[in-house]
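Trainee: Next comes work_12.tsv, TSV, C-alpha atoms (C1' of nucleotides):
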chain	number	residue	atom	x	y	z
A	2	MET	CA	224.33	79.80	324.78
A	3	ALA	CA	224.51	80.53	321.07
A	4	ARG	CA	223.32	77.46	319.28
A	5	GLU	CA	225.76	77.28	316.41
A	6	GLU	CA	228.97	77.16	318.41
A	7	ASN	CA	227.88	74.15	320.40
A	8	LEU	CA	225.98	72.26	317.80
A	9	ARG	CA	228.56	69.57	317.40
A	10	SER	CA	228.75	68.79	321.09
A	11	ILE	CA	224.97	68.86	321.40
A	12	LEU	CA	224.70	66.29	318.67
A	13	ALA	CA	227.44	64.07	320.05
A	14	GLU	CA	226.06	63.97	323.58
A	15	CYS	CA	222.45	63.78	322.56
A	16	GLY	CA	220.29	61.10	324.12
A	17	ILE	CA	219.01	60.21	320.68
A	18	SER	CA	222.30	58.52	319.78
A	19	ALA	CA	222.27	56.72	323.09
A	20	ALA	CA	218.71	55.54	322.57
A	21	LEU	CA	219.38	54.41	319.02
A	22	GLU	CA	222.30	52.26	320.05
A	23	VAL	CA	219.88	50.25	322.15
A	24	VAL	CA	216.68	50.24	320.10
A	25	GLY	CA	217.84	51.51	316.71
A	26	GLU	CA	218.35	48.23	314.91
A	27	ARG	CA	215.87	46.92	312.44
A	28	TRP	CA	212.97	45.06	314.11
A	29	SER	CA	213.65	46.37	317.62
A	30	PHE	CA	210.75	48.81	317.61
A	31	LEU	CA	208.40	46.24	316.10
A	32	ILE	CA	209.36	43.69	318.74
A	33	LEU	CA	208.67	46.27	321.42
A	34	ARG	CA	205.36	47.16	319.84
A	35	GLY	CA	204.51	43.47	320.04
A	36	ALA	CA	205.53	43.35	323.68
A	37	PHE	CA	203.33	46.37	324.44
A	38	ASN	CA	200.48	44.54	322.74
A	39	GLY	CA	200.92	41.53	324.98
A	40	LEU	CA	203.19	39.19	323.02
A	41	GLN	CA	205.34	37.18	325.40
A	42	HIS	CA	206.77	34.07	323.74
A	43	PHE	CA	209.35	33.55	321.02
A	44	GLU	CA	206.91	31.81	318.70
A	45	GLU	CA	204.33	34.54	319.19
A	46	PHE	CA	206.77	37.22	318.13
A	47	GLN	CA	208.01	35.09	315.27
A	48	SER	CA	204.64	34.23	313.77
A	49	THR	CA	203.06	37.63	314.41
A	50	LEU	CA	205.90	39.71	313.04
A	51	GLY	CA	207.20	37.28	310.42
A	52	ILE	CA	210.77	38.00	311.48
A	53	ALA	CA	213.55	35.48	310.76
A	54	ARG	CA	214.18	33.26	313.79
A	55	ASN	CA	217.89	33.97	314.08
A	56	ILE	CA	217.32	37.71	313.95
A	57	LEU	CA	214.52	37.50	316.50
A	58	SER	CA	216.75	35.48	318.77
A	59	ASN	CA	219.50	38.07	318.44
A	60	ARG	CA	217.17	41.05	319.04
A	61	LEU	CA	215.46	39.52	322.05
A	62	GLY	CA	218.91	38.80	323.46
A	63	ARG	CA	220.01	42.39	322.95
A	64	LEU	CA	216.83	43.81	324.45
A	65	VAL	CA	217.30	41.55	327.47
A	66	GLU	CA	220.97	42.59	327.76
A	67	HIS	CA	219.90	46.20	327.80
A	68	GLU	CA	217.21	45.43	330.36
A	69	ILE	CA	214.35	46.53	328.15
A	70	LEU	CA	212.87	43.05	328.30
A	71	LYS	CA	213.34	40.41	330.96
A	72	ARG	CA	213.45	36.69	330.29
A	73	GLN	CA	211.55	34.39	332.65
A	74	ALA	CA	210.90	30.68	332.68
A	75	ASP	CA	207.24	29.89	332.11
A	76	ALA	CA	206.03	28.14	335.26
A	77	ALA	CA	203.25	26.27	333.45
A	78	ASP	CA	205.35	24.96	330.55
A	79	ARG	CA	209.08	24.64	330.94
A	80	ARG	CA	209.66	24.67	327.20
A	81	LYS	CA	208.47	28.24	327.08
A	82	ILE	CA	210.26	31.42	328.00
A	83	VAL	CA	208.31	34.56	328.83
A	84	TYR	CA	209.61	37.91	327.65
A	85	LYS	CA	208.30	40.84	329.68
A	86	LEU	CA	208.81	44.57	329.49
A	87	THR	CA	210.87	46.02	332.31
A	88	GLU	CA	210.27	49.50	333.71
A	89	LYS	CA	212.90	50.77	331.29
A	90	GLY	CA	211.07	49.07	328.45
A	91	MET	CA	207.69	50.45	329.46
A	92	ALA	CA	209.24	53.91	329.52
A	93	LEU	CA	209.47	53.64	325.74
A	94	LEU	CA	205.69	53.90	325.44
A	95	PRO	CA	205.73	57.62	324.57
A	96	VAL	CA	208.25	56.97	321.79
A	97	LEU	CA	206.14	54.21	320.28
A	98	ILE	CA	202.90	56.15	320.52
A	99	ALA	CA	204.49	59.24	319.01
A	100	LEU	CA	205.84	57.14	316.16
A	101	ARG	CA	202.48	55.45	315.68
A	102	GLN	CA	200.57	58.72	315.61
A	103	TRP	CA	203.00	60.16	313.11
A	104	GLY	CA	202.84	57.09	310.90
A	105	GLU	CA	199.05	57.16	310.94
A	106	ARG	CA	198.77	60.86	310.30
A	107	TRP	CA	201.49	61.23	307.67
A	108	VAL	CA	202.14	57.83	306.11
A	109	SER	CA	199.19	55.45	306.21
A	110	GLY	CA	196.83	58.43	306.17
A	111	LEU	CA	194.07	59.36	308.57
A	112	PRO	CA	191.16	57.42	309.86
A	113	SER	CA	193.11	54.89	311.89
A	114	ASN	CA	191.44	51.95	313.50
A	115	PRO	CA	191.39	50.62	316.16
A	116	VAL	CA	191.92	53.68	318.29
A	117	LEU	CA	193.99	53.92	321.44
A	118	VAL	CA	191.74	55.04	324.27
A	119	ASP	CA	191.83	55.77	327.98
A	120	ARG	CA	190.41	52.57	329.52
A	121	ASN	CA	188.77	54.75	332.14
A	122	ASN	CA	186.38	56.74	329.96
A	123	ARG	CA	187.03	55.30	326.48
A	124	MET	CA	188.13	58.66	325.13
A	125	PRO	CA	190.99	58.68	322.60
A	126	VAL	CA	194.36	59.69	323.95
A	127	GLU	CA	195.78	63.10	323.08
A	128	GLN	CA	198.18	63.72	320.23
A	129	MET	CA	201.73	63.47	321.51
A	130	ALA	CA	203.32	66.90	321.66
A	131	VAL	CA	206.22	68.75	323.21
A	132	ARG	CA	204.62	70.77	325.98
A	133	ALA	CA	205.57	73.75	328.11
A	134	SER	CA	205.24	73.48	331.87
A	135	ASP	CA	201.76	75.01	331.59
A	136	GLY	CA	200.72	72.39	329.06
A	137	ARG	CA	200.89	74.53	325.92
A	138	THR	CA	202.07	72.68	322.80
A	139	LEU	CA	205.48	73.91	321.70
A	140	MET	CA	206.60	74.03	318.07
A	141	LEU	CA	210.15	73.95	316.79
A	142	GLY	CA	210.46	77.74	316.86
A	143	ASP	CA	209.38	77.88	320.50
A	144	LEU	CA	212.32	75.77	321.62
A	145	GLU	CA	215.85	76.62	322.63
A	146	TRP	CA	218.83	74.78	324.08
A	147	LEU	CA	219.95	76.19	327.41
A	148	ASP	CA	222.95	75.27	329.49
A	149	ALA	CA	221.82	73.72	332.77
A	150	SER	CA	223.69	76.40	334.74
A	151	GLU	CA	221.57	79.09	333.06
A	152	LEU	CA	218.22	77.64	334.07
A	153	PRO	CA	216.02	80.24	335.82
A	154	ALA	CA	214.87	77.92	338.62
A	155	ALA	CA	216.57	74.84	340.05
A	156	GLU	CA	214.68	72.55	337.74
A	157	LYS	CA	215.79	69.79	335.49
A	158	ALA	CA	213.89	68.06	332.78
A	159	ALA	CA	213.81	67.93	328.98
B	22	MET	CA	186.81	44.43	321.01
B	23	ALA	CA	188.78	41.68	322.68
B	24	ARG	CA	192.41	42.43	322.20
B	25	GLU	CA	193.76	38.98	321.47
B	26	GLU	CA	191.60	38.11	318.49
B	27	ASN	CA	192.66	41.17	316.57
B	28	LEU	CA	196.23	41.43	317.64
B	29	ARG	CA	197.62	40.33	314.35
B	30	SER	CA	195.64	42.85	312.36
B	31	ILE	CA	196.45	45.58	314.86
B	32	LEU	CA	200.12	44.90	314.41
B	33	ALA	CA	199.93	44.69	310.64
B	34	GLU	CA	198.04	47.94	310.19
B	35	CYS	CA	199.87	49.80	312.86
B	36	GLY	CA	201.31	53.19	312.04
B	37	ILE	CA	204.58	52.14	313.59
B	38	SER	CA	205.39	49.88	310.64
B	39	ALA	CA	204.41	52.64	308.27
B	40	ALA	CA	206.61	55.13	310.10
B	41	LEU	CA	209.57	52.78	310.24
B	42	GLU	CA	209.48	52.18	306.52
B	43	VAL	CA	210.16	55.85	306.07
B	44	VAL	CA	212.48	56.72	308.95
B	45	GLY	CA	213.54	53.33	310.26
B	46	GLU	CA	216.86	52.96	308.47
B	47	ARG	CA	220.13	53.52	310.21
B	48	TRP	CA	221.10	57.21	310.28
B	49	SER	CA	217.66	58.53	309.38
B	50	PHE	CA	216.84	59.69	312.90
B	51	LEU	CA	220.26	61.20	313.36
B	52	ILE	CA	219.97	63.10	310.10
B	53	LEU	CA	216.60	64.42	311.23
B	54	ARG	CA	218.01	65.37	314.60
B	55	GLY	CA	220.65	67.34	312.71
B	56	ALA	CA	217.99	69.01	310.60
B	57	PHE	CA	216.05	70.00	313.74
B	58	ASN	CA	219.25	71.48	315.07
B	59	GLY	CA	219.69	73.63	312.01
B	60	LEU	CA	221.92	71.60	309.71
B	61	GLN	CA	221.08	72.34	306.09
B	62	HIS	CA	223.90	71.35	303.73
B	63	PHE	CA	225.30	68.00	302.68
B	64	GLU	CA	228.77	68.78	304.00
B	65	GLU	CA	227.35	69.96	307.32
B	66	PHE	CA	225.53	66.68	307.86
B	67	GLN	CA	228.54	64.73	306.69
B	68	SER	CA	231.11	66.36	308.92
B	69	THR	CA	228.83	66.71	311.95
B	70	LEU	CA	227.52	63.16	311.93
B	71	GLY	CA	230.56	61.44	310.44
B	72	ILE	CA	228.33	59.43	308.11
B	73	ALA	CA	229.67	57.92	304.88
B	74	ARG	CA	228.97	60.17	301.90
B	75	ASN	CA	227.18	57.56	299.80
B	76	ILE	CA	224.89	56.59	302.67
B	77	LEU	CA	224.17	60.24	303.46
B	78	SER	CA	223.35	60.83	299.81
B	79	ASN	CA	221.02	57.85	299.82
B	80	ARG	CA	219.26	58.81	303.07
B	81	LEU	CA	218.79	62.44	302.10
B	82	GLY	CA	217.33	61.23	298.82
B	83	ARG	CA	214.90	58.94	300.59
B	84	LEU	CA	213.86	61.60	303.09
B	85	VAL	CA	213.24	63.98	300.18
B	86	GLU	CA	211.26	61.29	298.31
B	87	HIS	CA	209.09	60.83	301.37
B	88	GLU	CA	208.68	64.60	301.70
B	89	ILE	CA	210.23	64.76	305.12
B	90	LEU	CA	212.95	67.04	303.82
B	91	LYS	CA	212.80	69.34	300.81
B	92	ARG	CA	215.75	70.11	298.58
B	93	GLN	CA	216.27	73.71	297.47
B	94	ALA	CA	218.97	75.46	295.49
B	95	ASP	CA	220.92	77.90	297.63
B	96	ALA	CA	220.34	81.36	296.14
B	97	ALA	CA	223.63	82.75	297.44
B	98	ASP	CA	225.85	79.89	296.24
B	99	ARG	CA	224.70	77.70	293.42
B	100	ARG	CA	227.03	74.87	294.39
B	101	LYS	CA	225.05	74.40	297.55
B	102	ILE	CA	221.78	72.63	298.12
B	103	VAL	CA	219.67	73.42	301.14
B	104	TYR	CA	217.81	70.63	302.89
B	105	LYS	CA	214.84	71.84	304.92
B	106	LEU	CA	212.27	70.09	307.04
B	107	THR	CA	208.79	69.99	305.58
B	108	GLU	CA	205.65	70.13	307.70
B	109	LYS	CA	205.65	66.32	307.68
B	110	GLY	CA	209.26	66.34	308.85
B	111	MET	CA	208.62	68.84	311.62
B	112	ALA	CA	205.76	66.65	312.80
B	113	LEU	CA	208.43	64.14	313.87
B	114	LEU	CA	209.54	66.45	316.68
B	115	PRO	CA	207.57	64.59	319.37
B	116	VAL	CA	209.15	61.30	318.30
B	117	LEU	CA	212.65	62.72	318.49
B	118	ILE	CA	212.10	64.43	321.81
B	119	ALA	CA	210.54	61.31	323.31
B	120	LEU	CA	213.49	59.28	322.10
B	121	ARG	CA	215.93	61.84	323.45
B	122	GLN	CA	214.29	61.98	326.85
B	123	TRP	CA	214.27	58.21	327.09
B	124	GLY	CA	217.91	57.95	326.05
B	125	GLU	CA	218.92	60.55	328.61
B	126	ARG	CA	216.91	59.05	331.41
B	127	TRP	CA	217.62	55.37	330.80
B	128	VAL	CA	220.80	55.08	328.76
B	129	SER	CA	223.22	57.97	329.16
B	130	GLY	CA	221.88	58.56	332.67
B	131	LEU	CA	220.44	61.69	334.19
B	132	PRO	CA	221.71	65.18	334.39
B	133	SER	CA	221.52	66.00	330.69
B	134	ASN	CA	222.96	69.19	329.34
B	135	PRO	CA	222.10	71.36	327.53
B	136	VAL	CA	218.44	71.35	328.37
B	137	LEU	CA	215.56	71.89	325.96
B	138	VAL	CA	213.55	74.87	327.15
B	139	ASP	CA	210.55	76.94	326.17
B	140	ARG	CA	212.09	80.00	324.50
B	141	ASN	CA	209.33	82.09	326.03
B	142	ASN	CA	210.13	81.63	329.70
B	143	ARG	CA	213.24	79.43	329.64
B	144	MET	CA	211.55	76.67	331.57
B	145	PRO	CA	212.39	73.09	330.63
B	146	VAL	CA	209.82	71.29	328.51
B	147	GLU	CA	207.66	68.60	330.09
B	148	GLN	CA	208.46	64.91	329.93
B	149	MET	CA	206.76	63.37	326.93
B	150	ALA	CA	203.85	61.21	328.01
B	151	VAL	CA	200.69	59.62	326.69
B	152	ARG	CA	197.91	61.80	328.04
B	153	ALA	CA	194.18	61.51	328.51
B	154	SER	CA	191.95	64.25	327.18
B	155	ASP	CA	192.07	65.91	330.60
B	156	GLY	CA	195.87	65.91	330.56
B	157	ARG	CA	196.47	63.03	332.97
B	158	THR	CA	199.45	60.84	332.15
B	159	LEU	CA	198.37	57.37	331.07
B	160	MET	CA	200.39	54.24	331.73
B	161	LEU	CA	200.28	51.00	329.78
B	162	GLY	CA	197.54	49.55	331.99
B	163	ASP	CA	195.33	52.58	331.45
B	164	LEU	CA	195.18	52.01	327.72
B	165	GLU	CA	192.90	49.95	325.52
B	166	TRP	CA	192.32	49.48	321.80
B	167	LEU	CA	188.81	50.38	320.74
B	168	ASP	CA	187.18	50.00	317.36
B	169	ALA	CA	186.37	53.40	315.90
B	170	SER	CA	182.68	52.49	315.67
B	171	GLU	CA	182.58	51.94	319.42
B	172	LEU	CA	183.87	55.36	320.35
B	173	PRO	CA	181.58	57.14	322.85
B	174	ALA	CA	181.61	60.50	321.05
B	175	ALA	CA	182.25	61.26	317.37
B	176	GLU	CA	185.93	61.87	318.00
B	177	LYS	CA	189.01	60.65	316.31
B	178	ALA	CA	192.54	60.79	317.56
B	179	ALA	CA	195.07	58.33	319.03
C	15	DG	C1'	207.92	5.45	323.65
C	16	DG	C1'	206.73	8.15	319.64
C	17	DT	C1'	205.49	12.64	318.07
C	18	DA	C1'	204.73	17.68	318.41
C	19	DT	C1'	206.14	22.06	320.23
C	20	DC	C1'	209.33	25.66	322.02
C	21	DG	C1'	213.30	28.24	321.61
C	22	DG	C1'	216.83	28.43	319.63
C	23	DT	C1'	221.52	27.56	316.27
C	24	DT	C1'	223.93	26.72	311.82
C	25	DG	C1'	225.22	27.47	307.04
C	26	DC	C1'	224.38	29.86	303.03
C	27	DT	C1'	222.86	33.73	300.27
C	28	DA	C1'	221.19	38.55	299.66
C	29	DT	C1'	221.15	43.11	301.06
C	30	DG	C1'	222.97	47.13	303.45
C	31	DT	C1'	226.89	49.86	305.27
C	32	DG	C1'	231.57	51.97	305.31
C	33	DC	C1'	235.67	53.74	303.10
C	34	DA	C1'	238.46	55.96	299.73
C	35	DA	C1'	239.03	57.69	295.35
C	36	DC	C1'	236.90	60.01	291.52
C	37	DT	C1'	233.59	63.45	289.16
C	38	DT	C1'	230.96	67.53	287.73
C	39	DA	C1'	229.55	72.13	288.55
C	40	DT	C1'	230.30	76.29	290.63
C	41	DA	C1'	232.97	79.73	293.24
C	42	DT	C1'	237.26	82.27	294.56
C	43	DG	C1'	242.00	84.26	294.23
C	44	DC	C1'	245.39	86.21	291.38
D	29	DG	C1'	240.89	84.00	282.35
D	30	DC	C1'	243.31	80.39	284.50
D	31	DA	C1'	244.41	77.61	288.59
D	32	DT	C1'	242.71	76.02	292.72
D	33	DA	C1'	239.14	75.00	296.13
D	34	DT	C1'	234.65	73.60	297.54
D	35	DA	C1'	229.83	71.42	297.29
D	36	DA	C1'	227.41	67.52	296.36
D	37	DG	C1'	227.42	63.75	294.93
D	38	DT	C1'	228.95	58.70	292.42
D	39	DT	C1'	231.64	54.45	291.86
D	40	DG	C1'	233.99	50.23	293.17
D	41	DC	C1'	235.26	47.24	296.53
D	42	DA	C1'	235.49	45.20	301.41
D	43	DC	C1'	232.87	43.97	305.33
D	44	DA	C1'	228.73	43.53	308.31
D	45	DT	C1'	223.98	42.62	308.93
D	46	DA	C1'	219.54	40.36	307.53
D	47	DG	C1'	216.75	36.66	305.59
D	48	DC	C1'	215.79	31.67	304.61
D	49	DA	C1'	215.62	26.89	305.41
D	50	DA	C1'	217.18	23.06	307.71
D	51	DC	C1'	218.58	21.18	311.94
D	52	DC	C1'	218.78	20.41	317.25
D	53	DG	C1'	218.07	19.61	322.27
D	54	DA	C1'	214.75	19.89	325.82
D	55	DT	C1'	210.15	19.46	327.34
D	56	DA	C1'	205.21	18.26	326.83
D	57	DC	C1'	201.40	15.34	325.08
D	58	DC	C1'	199.19	10.90	324.02
Could you rewrite the structure in this file as structure tokens?

Mentor:
Amino acid sequence: MAREENLRSILAECGISAALEVVGERWSFLILRGAFNGLQHFEEFQSTLGIARNILSNRLGRLVEHEILKRQADAADRRKIVYKLTEKGMALLPVLIALRQWGERWVSGLPSNPVLVDRNNRMPVEQMAVRASDGRTLMLGDLEWLDASELPAAEKAA
Amino acid sequence: MAREENLRSILAECGISAALEVVGERWSFLILRGAFNGLQHFEEFQSTLGIARNILSNRLGRLVEHEILKRQADAADRRKIVYKLTEKGMALLPVLIALRQWGERWVSGLPSNPVLVDRNNRMPVEQMAVRASDGRTLMLGDLEWLDASELPAAEKAA
DNA sequence: GGTATCGGTTGCTATGTGCAACTTATATGC
DNA sequence: GCATATAAGTTGCACATAGCAACCGATACC
């Protein structure tokens, strides 16, 4: 598949547009970051992030609609509502970590603290990278778009 | 380091905020996706993405300011300006691929086509994941924030 | 029963986005 | 060399989204 002739359709169908429609609004990523860090209640998000209450309300609603967060009544205090990541929401972890690593490396500048480590052995996690099936890190020039029908084996990923 | 007591500072310092200030506006990711797919000229971005010209102009300007794209005169046609990814821009590849994979898996739904493959052997790339130093995939529960001073070895990453 | 807290909603203002028409510089055809 | 087209914007105006502060209903606390 020559890349140029299909560029437009690649861009239109691309999962990036789909993803951005769900998590592309302002504050959505920061709310998710908060959720990954253990925030659960409206007031926690509001005071920690400093987001306007009406916007927070709207974003939480959208994230719940899209099943990235789920809303639960708090058993211990019926005034409170607990927002929890769903499986779909947790699947965004690689996106957030990739973004964080990039921001630390290229925007805020290196030595970042605290460090994200493997709880098991307290070693820092790897840099996020696009990897070949053998684990090699692939750069932009190593990549190519291939029509599914042209795949060598009956594999699907990417 | 107990997580709760430092949550606020973790969130404030986090590279995610830093990253989003640079690439968090509407269209920025889609412009970058275009750049990764080989778009180079203003009119190419405009017609491919369908973005308003003033917004495109603004976003390209900001991406150039932040040294994610560089602006060059086109030697062959002096009307044209070539926008190219810098090293900093190319470093966003993992973010875009992670976002794409998530969008395909959880929003547009599976079988995605075309597939991103390793040019070398035409095998699909791996799913993006947070990995331990030995390559194991780490889930949310496997992760922990650790102060740099408490790291077991003299290593920095994350 | 009075007061504080939680999770919103409402109204208003400020900022950002989208569209269409215009502009300046360069290229192309005749 | 003159007319026309194209590239990369800019400008002005309409509309949508975000931010702020005040308010509200339900539940908890004393």

Trainee: Go through D:DC57, D:DA36, D:DA44, D:DA50 one by one, measure the shortest atom-to-atom distance of each to chain B using only C-alpha atoms (C1' of nucleotides), and give the residue with the smallest value.

Mentor: D:DA36

Trainee: What does the Cα RMSD come to when chain A is optimally superposed on chain B over every C-alpha atom in order?

Mentor: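 After least-squares fitting, the two copies differ by 0.1 Å C-alpha RMSD.
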
Trainee: If I put a ball of radius 10 Å at (213.8, 18.2, 325.5) in the file's coordinates, which residues poke into it when counting only C-alpha atoms (C1' of nucleotides), written as a ChimeraX atom specification?

Mentor: /A:79-80 /C:20 /D:52-56

Trainee: Tell me, in Å to one decimal, how far atom CA of Ser129 of chain B is from atom CA of Val65 of chain A.

Mentor: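 These two atoms are separated by 17.5 Å.
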
Trainee: Of the candidates D:DC51, D:DT38, D:DA31, D:DC58, which one gets nearest to chain B if we count all atoms listed in the file?

Mentor: D:DT38

Trainee: Can you measure atom CA of Lys85 of chain A to atom CA of Leu70 of chain A for me? One decimal in Å is fine.

Mentor: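 Atom CA of Lys85 of chain A sits 5.3 Å away from atom CA of Leu70 of chain A.
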
Trainee: Between atom CA of Ser49 of chain B and atom CA of Asp139 of chain B, measure the distance and give it in Å to one decimal.

Mentor: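 Going from atom CA of Ser49 of chain B over to atom CA of Asp139 of chain B covers 25.9 Å.
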
Trainee: Specify as number ranges by chain all residues of chain C found within 10 Å of chain B, counting only C-alpha atoms (C1' of nucleotides).

Mentor: C: 30-33, 39-41

Trainee: Those same residues - C-alpha atoms (C1' of nucleotides) - I'd like them written as a compact mmCIF listing (two decimals), keeping the file's coordinate frame.

Mentor:
# COMPACT_ATOMS: atom_id res chain seq x y z
C1' DG C 30 222.97 47.13 303.45
C1' DT C 31 226.89 49.86 305.27
C1' DG C 32 231.57 51.97 305.31
C1' DC C 33 235.67 53.74 303.10
C1' DA C 39 229.55 72.13 288.55
C1' DT C 40 230.30 76.29 290.63
C1' DA C 41 232.97 79.73 293.24

Trainee: Dump as a PyMOL selection string the residues of chain A that approach chain B to within 7 Å, counting only C-alpha atoms.

Mentor: chain A and resi 9+15-17+19-20+49+89+93+95-96+99-105+107-109+114-121+123+125-134+143-149+152-153+157-159

Trainee: Write out as a list in words the residues lying within 12 Å of DC30 of chain D, counting only C-alpha atoms (C1' of nucleotides) and excluding same-chain residues fewer than 2 positions away.

Mentor: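 The neighbour list is DT42, DG43 and DC44 of chain C; DT32 of chain D.
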
Trainee: Of the residues B:Gln93, B:Gly82, B:Phe66, B:Ile102, which is the one nearest to chain D, using all atoms listed in the file?

Mentor: B:Ile102

Trainee: Taking (222.4, 38.3, 299.5) in the file's coordinates as the center, which residues reach within 12 Å of it, counting all atoms listed in the file, put as a PDB file with C-alpha atoms (C1' of nucleotides), keeping the file's coordinate frame?

Mentor:
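Written file, selection34.pdb:
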ATOM      1  C1'  DC C  26     224.380  29.860 303.030  1.00  0.00           C
ATOM      2  C1'  DT C  27     222.860  33.730 300.270  1.00  0.00           C
ATOM      3  C1'  DA C  28     221.190  38.550 299.660  1.00  0.00           C
ATOM      4  C1'  DT C  29     221.150  43.110 301.060  1.00  0.00           C
ATOM      5  C1'  DG C  30     222.970  47.130 303.450  1.00  0.00           C
TER       6       DG C  30
ATOM      7  C1'  DT D  45     223.980  42.620 308.930  1.00  0.00           C
ATOM      8  C1'  DA D  46     219.540  40.360 307.530  1.00  0.00           C
ATOM      9  C1'  DG D  47     216.750  36.660 305.590  1.00  0.00           C
ATOM     10  C1'  DC D  48     215.790  31.670 304.610  1.00  0.00           C
TER      11       DC D  48
END
